[in-house]
file data_8.cif (mmCIF, C-alpha atoms)
data_entry
loop_
_atom_site.label_atom_id
_atom_site.label_comp_id
_atom_site.auth_asym_id
_atom_site.auth_seq_id
_atom_site.Cartn_x
_atom_site.Cartn_y
_atom_site.Cartn_z
CA MET K 13 -22.47 11.45 -2.95
CA ARG K 14 -24.49 10.88 -6.09
CA PHE K 15 -22.95 8.08 -8.07
CA LEU K 16 -21.39 8.43 -11.45
CA THR K 17 -24.38 7.58 -13.61
CA PRO K 18 -23.62 4.44 -15.65
CA PHE K 19 -26.40 5.03 -18.14
CA LEU K 20 -26.24 8.73 -19.11
CA LEU K 21 -24.35 8.01 -22.31
CA ALA K 22 -26.44 5.01 -23.24
CA GLY K 23 -26.90 6.33 -26.74
CA PHE K 24 -23.23 5.69 -27.37
CA VAL K 25 -23.13 2.14 -26.09
CA LEU K 26 -21.37 -0.22 -28.45
CA LEU K 27 -23.48 -3.25 -29.19
CA SER K 28 -22.03 -6.62 -30.08
CA GLY K 29 -23.11 -10.23 -29.61
CA CYS K 30 -23.72 -13.64 -31.05
CA THR K 31 -26.44 -14.90 -33.30
CA SER K 32 -28.59 -17.84 -32.30
CA ALA K 33 -26.49 -20.03 -34.60
CA ASP K 34 -23.41 -19.32 -32.45
CA ILE K 35 -24.98 -20.65 -29.25
CA THR K 36 -24.25 -24.23 -28.25
CA PRO K 37 -27.40 -25.82 -26.82
CA LEU K 38 -27.25 -26.92 -23.20
CA GLY K 39 -27.27 -30.59 -22.37
CA PRO K 40 -30.39 -32.04 -20.72
CA GLY K 41 -28.81 -31.99 -17.24
CA GLU K 42 -27.57 -28.41 -17.57
CA LYS K 43 -30.91 -27.19 -18.85
CA ALA K 44 -32.83 -28.94 -16.06
CA ASN K 45 -30.52 -27.39 -13.45
CA ARG K 46 -30.92 -23.93 -14.99
CA ASP K 47 -34.69 -24.27 -15.22
CA SER K 48 -34.95 -25.29 -11.56
CA ILE K 49 -32.90 -22.23 -10.56
CA LEU K 50 -35.10 -19.95 -12.68
CA VAL K 51 -38.21 -21.33 -10.98
CA PHE K 52 -36.58 -20.74 -7.60
CA LEU K 53 -35.62 -17.13 -8.46
CA ASP K 54 -39.13 -16.44 -9.68
CA ARG K 55 -40.48 -17.36 -6.23
CA VAL K 56 -37.94 -15.40 -4.18
CA GLY K 57 -39.49 -12.53 -2.23
CA GLN K 58 -37.92 -9.12 -2.88
CA GLU K 59 -39.84 -7.08 -0.31
CA ALA K 60 -36.99 -7.17 2.22
CA MET K 61 -34.77 -5.32 -0.27
CA THR K 62 -37.32 -3.04 -1.91
CA SER K 63 -38.83 -1.81 1.40
CA ALA K 64 -35.58 -1.44 3.36
CA PHE K 65 -34.86 2.24 2.71
CA GLY K 66 -38.50 3.17 3.21
CA ASN K 67 -38.48 1.37 6.57
CA LEU K 68 -35.40 3.34 7.59
CA GLU K 69 -37.55 6.47 7.85
CA SER K 70 -39.16 5.03 10.99
CA PHE K 71 -35.82 4.79 12.80
CA SER K 72 -33.05 7.04 13.95
CA TYR K 73 -29.69 5.59 12.99
CA ARG K 74 -25.96 6.10 12.64
CA ARG K 75 -24.35 5.87 9.22
CA TYR K 76 -20.69 5.38 8.47
CA LEU K 77 -19.82 6.73 5.02
CA ARG K 78 -16.50 6.55 3.21
CA THR K 79 -15.76 7.60 -0.38
CA GLU K 80 -12.40 6.97 -2.05
CA GLN K 81 -10.78 7.69 -5.40
CA TYR K 82 -7.87 5.65 -6.83
CA ASP K 83 -5.75 6.13 -9.92
CA GLY K 84 -4.98 3.50 -12.58
CA ASP K 85 -2.17 2.07 -10.43
CA ASP K 86 -4.56 1.63 -7.49
CA PHE K 87 -2.98 4.52 -5.58
CA LEU K 88 -5.34 6.34 -3.21
CA LEU K 89 -5.82 9.90 -4.50
CA ALA K 90 -8.49 11.19 -2.15
CA PHE K 91 -10.98 10.12 0.49
CA THR K 92 -13.72 11.46 2.71
CA GLU K 93 -14.99 9.70 5.82
CA HIS K 94 -18.01 10.64 7.91
CA ILE K 95 -20.16 9.41 10.74
CA ILE K 96 -23.66 10.82 10.37
CA GLU K 97 -26.46 10.73 12.95
CA THR K 98 -29.99 10.85 11.52
CA SER K 99 -33.16 11.27 13.54
CA GLY K 100 -36.60 12.83 13.46
CA PRO K 101 -39.79 11.90 11.59
CA ALA K 102 -39.89 11.77 7.81
CA SER K 103 -41.50 15.22 7.71
CA ASP K 104 -38.64 16.74 9.74
CA ARG K 105 -35.60 14.53 9.14
CA ARG K 106 -32.36 15.84 10.67
CA SER K 107 -28.83 14.67 9.86
CA SER K 108 -25.67 15.86 11.56
CA VAL K 109 -22.05 14.93 10.93
CA THR K 110 -20.47 13.93 14.25
CA GLN K 111 -17.07 12.89 12.89
CA ALA K 112 -15.29 13.72 9.65
CA ASP K 113 -11.94 13.16 8.01
CA SER K 114 -10.60 13.68 4.49
CA GLY K 115 -7.45 13.75 2.44
CA GLY K 116 -6.33 14.51 -1.11
CA ALA K 117 -8.46 16.12 -3.81
CA PHE K 118 -11.09 14.39 -5.92
CA ASP K 119 -10.67 14.75 -9.67
CA PHE K 120 -13.53 13.44 -11.79
CA GLY K 121 -12.14 14.80 -15.06
CA PHE K 122 -14.48 14.42 -18.04
CA PHE K 123 -17.17 12.94 -15.76
CA ASN K 124 -17.29 15.90 -13.38
CA GLN K 125 -20.57 16.98 -15.01
CA PHE K 126 -22.19 13.71 -13.91
CA VAL K 127 -21.14 13.87 -10.25
CA SER K 128 -22.70 15.79 -7.40
CA GLU K 129 -20.66 18.91 -6.63
CA ASN K 130 -20.77 17.84 -3.00
CA VAL K 131 -19.11 14.43 -2.56
CA ASP K 132 -20.00 14.65 1.14
CA ASP K 133 -23.76 14.56 0.48
CA PRO K 134 -25.07 12.74 3.59
CA ASP K 135 -28.29 11.50 1.98
CA PRO K 136 -28.25 7.70 1.62
CA VAL K 137 -28.58 6.27 -1.88
CA ASP K 138 -30.89 3.32 -2.46
CA LEU K 139 -29.12 0.83 -4.75
CA VAL K 140 -32.22 -1.28 -5.39
CA PRO K 141 -32.99 0.31 -8.81
CA TRP K 142 -29.53 -0.77 -10.03
CA LEU K 143 -29.69 -4.24 -8.49
CA LEU K 144 -33.29 -5.22 -9.18
CA GLU K 145 -34.27 -4.16 -12.66
CA GLU K 146 -37.84 -4.90 -13.65
CA ASN K 147 -36.77 -7.13 -16.55
CA PRO K 148 -33.08 -7.96 -16.17
CA SER K 149 -31.42 -8.95 -19.41
CA TYR K 150 -29.90 -12.14 -17.97
CA LEU K 151 -33.41 -13.49 -17.25
CA SER K 152 -34.73 -12.71 -20.71
CA PRO K 153 -35.57 -15.96 -22.58
CA ARG K 154 -33.48 -14.87 -25.57
CA ASN K 155 -30.40 -14.38 -23.35
CA LEU K 156 -30.57 -17.38 -21.04
CA ASP K 157 -28.01 -19.38 -23.02
CA LYS K 158 -25.54 -16.50 -22.69
CA TYR K 159 -25.29 -17.02 -18.93
CA THR K 160 -24.50 -19.84 -16.52
CA PHE K 161 -26.73 -20.39 -13.48
CA ARG K 162 -25.62 -22.30 -10.41
CA ALA K 163 -26.29 -22.67 -6.71
CA THR K 164 -23.17 -22.38 -4.55
CA ARG K 165 -22.59 -23.20 -0.89
CA ASP K 166 -24.91 -21.65 1.67
CA THR K 167 -23.61 -18.84 3.85
CA LEU K 168 -24.67 -17.25 7.14
CA MET K 169 -26.39 -13.87 6.96
CA TRP K 170 -26.65 -12.84 10.61
CA ASP K 171 -27.84 -16.04 12.32
CA ARG K 172 -29.73 -17.42 9.34
CA SER K 173 -28.64 -19.70 6.53
CA ALA K 174 -28.83 -18.10 3.09
CA ARG K 175 -28.78 -19.84 -0.26
CA ILE K 176 -26.50 -18.28 -2.90
CA ILE K 177 -27.44 -18.29 -6.56
CA GLU K 178 -24.77 -17.07 -8.98
CA VAL K 179 -25.34 -15.93 -12.55
CA ARG K 180 -22.30 -15.37 -14.80
CA ALA K 181 -21.96 -14.16 -18.36
CA ARG K 182 -20.46 -16.82 -20.62
CA PRO K 183 -17.29 -15.22 -22.09
CA GLU K 184 -17.74 -16.76 -25.51
CA LEU K 185 -21.36 -15.69 -25.88
CA ALA K 186 -22.19 -12.64 -23.76
CA ASP K 187 -19.68 -10.04 -24.97
CA GLY K 188 -22.50 -7.69 -25.90
CA GLU K 189 -24.26 -7.94 -22.54
CA ASN K 190 -23.67 -5.29 -19.89
CA ILE K 191 -24.36 -7.44 -16.83
CA ARG K 192 -21.45 -9.78 -16.17
CA LYS K 193 -22.12 -11.35 -12.79
CA VAL K 194 -24.95 -11.46 -10.24
CA ARG K 195 -25.25 -13.11 -6.84
CA TYR K 196 -28.52 -13.56 -4.96
CA TYR K 197 -28.44 -14.26 -1.21
CA VAL K 198 -31.78 -15.75 -0.19
CA ASP K 199 -32.83 -16.43 3.41
CA ARG K 200 -33.80 -20.11 3.56
CA ILE K 201 -36.47 -19.57 6.23
CA SER K 202 -38.30 -16.50 4.90
CA ASN K 203 -37.32 -17.01 1.22
CA GLN K 204 -36.54 -13.30 1.13
CA LEU K 205 -33.68 -11.78 -0.86
CA VAL K 206 -31.46 -10.33 1.88
CA ALA K 207 -28.37 -9.35 -0.11
CA MET K 208 -27.39 -8.94 -3.74
CA TYR K 209 -24.21 -8.29 -5.72
CA LEU K 210 -23.98 -7.21 -9.36
CA GLU K 211 -21.17 -6.45 -11.82
CA ARG K 212 -21.71 -4.62 -15.10
CA ILE K 213 -19.64 -3.13 -17.92
CA ASP K 214 -20.69 -0.15 -20.02
CA LEU K 215 -18.77 0.61 -23.21
CA GLY K 216 -19.09 4.02 -24.84
CA LEU K 217 -17.28 5.78 -27.65
CA LEU K 218 -15.06 7.68 -25.22
CA PHE K 219 -14.96 5.54 -22.11
CA ARG K 220 -15.21 2.13 -20.50
CA GLU K 221 -16.98 1.84 -17.15
CA GLU K 222 -16.85 -1.23 -14.91
CA SER K 223 -19.17 -0.99 -11.91
CA THR K 224 -20.11 -3.19 -8.96
CA PHE K 225 -23.11 -2.82 -6.66
CA TYR K 226 -23.83 -4.55 -3.35
CA MET K 227 -26.63 -4.20 -0.81
CA HIS K 228 -27.22 -6.17 2.38
CA VAL K 229 -30.32 -5.75 4.56
CA GLN K 230 -30.86 -6.70 8.20
CA PRO K 231 -34.02 -7.84 10.00
CA VAL K 232 -34.82 -5.57 12.95
CA GLU K 233 -38.33 -6.79 13.75
CA GLU K 234 -40.50 -9.62 12.48
CA GLY K 235 -40.85 -9.04 8.74
CA VAL K 236 -39.13 -5.64 8.90
CA TYR K 237 -35.76 -5.13 7.18
CA VAL K 238 -33.53 -2.07 6.95
CA PRO K 239 -30.23 -1.45 5.13
CA TYR K 240 -27.10 -2.69 6.82
CA ASN K 241 -24.39 -2.22 4.21
CA THR K 242 -24.21 -0.79 0.69
CA ARG K 243 -21.20 -0.63 -1.59
CA PHE K 244 -20.75 0.96 -4.98
CA GLN K 245 -17.60 1.03 -7.08
CA THR K 246 -16.91 2.25 -10.58
CA ALA K 247 -13.71 2.13 -12.62
CA ILE K 248 -13.52 4.54 -15.55
CA THR K 249 -11.06 4.25 -18.42
CA THR K 250 -10.80 7.03 -21.05
CA PRO K 251 -8.26 7.69 -23.82
CA PHE K 252 -7.54 11.15 -22.40
CA LYS K 253 -7.17 10.67 -18.62
CA GLY K 254 -6.27 7.00 -18.34
CA SER K 255 -8.21 5.18 -15.64
CA TYR K 256 -9.40 5.83 -12.12
CA ARG K 257 -11.70 4.17 -9.62
CA ILE K 258 -14.24 5.57 -7.15
CA ARG K 259 -15.71 3.58 -4.27
CA THR K 260 -18.41 4.45 -1.73
CA VAL K 261 -19.26 2.33 1.31
CA SER K 262 -22.08 2.93 3.81
CA THR K 263 -22.89 0.98 6.97
CA TYR K 264 -26.03 1.60 9.05
CA THR K 265 -25.99 0.88 12.79
CA ASP K 266 -27.58 1.91 16.12
CA ARG K 267 -31.10 1.93 14.73
CA ARG K 268 -33.74 3.07 17.22
CA ARG K 269 -37.43 3.19 16.42
CA LEU K 270 -38.84 6.71 16.53
CA ALA K 271 -41.46 7.21 19.22
CA SER K 272 -43.87 8.61 16.64
CA ALA K 273 -43.46 5.58 14.33
CA ALA K 274 -46.02 2.96 15.29
CA PRO K 275 -45.16 -0.61 14.18
CA ASP K 276 -48.12 -0.75 11.79
CA SER K 277 -46.78 2.32 9.99
CA ILE K 278 -43.72 0.43 8.76
CA GLN K 279 -43.81 -0.24 5.05
#

call {"tool": "encode", "arguments": {"input": "data_8.cif", "output": "structure tokens"}}
result
Amino acid sequence: MRFLTPFLLAGFVLLSGCTSADITPLGPGEKANRDSILVFLDRVGQEAMTSAFGNLESFSYRRYLRTEQYDGDDFLLAFTEHIIETSGPASDRRSSVTQADSGGAFDFGFFNQFVSENVDDPDPVDLVPWLLEENPSYLSPRNLDKYTFRATRDTLMWDRSARIIEVRARPELADGENIRKVRYYVDRISNQLVAMYLERIDLGLLFREESTFYMHVQPVEEGVYVPYNTRFQTAITTPFKGSYRIRTVSTYTDRRRLASAAPDSIQ
């Protein structure tokens, strides 16, 4: 499935925000804590995330894919569920659906023109471009005071401890900012970003879209990461059709290196 594109109507985005006079300066302790987190984030390696889907081409794998649509009352309207086996070199990739189930009928309404006609499209979608923008607004110097930055408790990602950094929009200051919440999961040993979560809101003249993105990678060899789980969800509210929500989840398992893929060919 190709996702509902959050940015196609960007020309209609409603802009609002606060002037610099509205922003309360941070205290010395808060600023020092934020600055230390910014230094840490600047040093985090992103190669594990950015190379994961490219590395997947050197493996055969099984992918579980489920797409669901809910109405405004959170009632399940439709779903598709597939298990897809993918193998073969990049030049001759082969995918076959080994199990499938479905129910209901998808109705994308006004946004049908922005959605793939085939919601069962087996091609995996790399979420990195949505998660790792080149210059994210929440790290822009002019926007730093609109967000809070904090380190939370560590968590286990596989058998490794990961540090969690959370960035949240400050309700009183960041009303005009699309990105509302971000979580970085950073492997403490390799200092690589191994998972990321992001929430954003897009406001247009005719709709409101609230989307979440999540991607989690897994080490399969020394320094080599591949996707493990991706999740995308969008909730659309329009004055004509009310609201509905679409969610897609993919999990990648049973990865086996292709005989033709030498280790030094991995990206």

call {"tool": "residues_near_point", "arguments": {"input": "data_8.cif", "point": "(-36.9, -5.2, 8.1)", "cutoff": "12 Å", "atoms": "all atoms listed in the file", "output": "PyMOL selection string"}}
result
chain K and resi 58-71+202+204-206+228-240+267+269+275+278-279

call {"tool": "residues_around", "arguments": {"input": "data_8.cif", "residues": "Arg162 of chain K", "least_positions_apart": "2", "cutoff": "10 Å", "atoms": "all atoms listed in the file", "output": "ChimeraX atom specification"}}
result
/K:42,45-46,48-49,160,164,176-180,195

call {"tool": "closest_residue", "arguments": {"input": "data_8.cif", "among": "K:Asp171, K:Glu221, K:Arg243, K:Asp47", "to": "Ser255 of chain K", "atoms": "all atoms listed in the file"}}
result
K:Glu221

call {"tool": "resolve_selection", "arguments": {"input": "data_8.cif", "expression": "the PyMOL selection byres ((chain K and resi 263) around 10)", "output": "mmCIF file with C-alpha atoms, in the frame of the given file"}}
result
data_model
loop_
_atom_site.group_PDB
_atom_site.id
_atom_site.type_symbol
_atom_site.label_atom_id
_atom_site.label_comp_id
_atom_site.auth_asym_id
_atom_site.auth_seq_id
_atom_site.Cartn_x
_atom_site.Cartn_y
_atom_site.Cartn_z
ATOM 1 C CA ARG K 74 -25.960 6.100 12.640
ATOM 2 C CA ARG K 75 -24.350 5.870 9.220
ATOM 3 C CA TYR K 76 -20.690 5.380 8.470
ATOM 4 C CA LEU K 77 -19.820 6.730 5.020
ATOM 5 C CA ARG K 78 -16.500 6.550 3.210
ATOM 6 C CA ILE K 95 -20.160 9.410 10.740
ATOM 7 C CA HIS K 228 -27.220 -6.170 2.380
ATOM 8 C CA PRO K 239 -30.230 -1.450 5.130
ATOM 9 C CA TYR K 240 -27.100 -2.690 6.820
ATOM 10 C CA ASN K 241 -24.390 -2.220 4.210
ATOM 11 C CA THR K 242 -24.210 -0.790 0.690
ATOM 12 C CA ARG K 243 -21.200 -0.630 -1.590
ATOM 13 C CA VAL K 261 -19.260 2.330 1.310
ATOM 14 C CA SER K 262 -22.080 2.930 3.810
ATOM 15 C CA TYR K 264 -26.030 1.600 9.050
ATOM 16 C CA THR K 265 -25.990 0.880 12.790
#

call {"tool": "resolve_selection", "arguments": {"input": "data_8.cif", "expression": "the PyMOL selection byres ((chain K and resi 175) around 8)", "output": "ChimeraX atom specification"}}
result
/K:163-167,173-174,176-177,196-200

call {"tool": "write_last_selection", "arguments": {"input": "data_8.cif", "atoms": "C-alpha atoms", "output": "PDB file, in the coordinates of the input"}}
result
ATOM      1  CA  ALA K 163     -26.290 -22.670  -6.710  1.00  0.00           C
ATOM      2  CA  THR K 164     -23.170 -22.380  -4.550  1.00  0.00           C
ATOM      3  CA  ARG K 165     -22.590 -23.200  -0.890  1.00  0.00           C
ATOM      4  CA  ASP K 166     -24.910 -21.650   1.670  1.00  0.00           C
ATOM      5  CA  THR K 167     -23.610 -18.840   3.850  1.00  0.00           C
ATOM      6  CA  SER K 173     -28.640 -19.700   6.530  1.00  0.00           C
ATOM      7  CA  ALA K 174     -28.830 -18.100   3.090  1.00  0.00           C
ATOM      8  CA  ILE K 176     -26.500 -18.280  -2.900  1.00  0.00           C
ATOM      9  CA  ILE K 177     -27.440 -18.290  -6.560  1.00  0.00           C
ATOM     10  CA  TYR K 196     -28.520 -13.560  -4.960  1.00  0.00           C
ATOM     11  CA  TYR K 197     -28.440 -14.260  -1.210  1.00  0.00           C
ATOM     12  CA  VAL K 198     -31.780 -15.750  -0.190  1.00  0.00           C
ATOM     13  CA  ASP K 199     -32.830 -16.430   3.410  1.00  0.00           C
ATOM     14  CA  ARG K 200     -33.800 -20.110   3.560  1.00  0.00           C
TER      15      ARG K 200
END

call {"tool": "atom_distance", "arguments": {"input": "data_8.cif", "atom1": "atom CA of Ala90 of chain K", "atom2": "atom CA of Ile191 of chain K"}}
result
28.5 Å

call {"tool": "atom_distance", "arguments": {"input": "data_8.cif", "atom1": "atom CA of Glu80 of chain K", "atom2": "atom CA of Lys253 of chain K"}}
result
17.8 Å
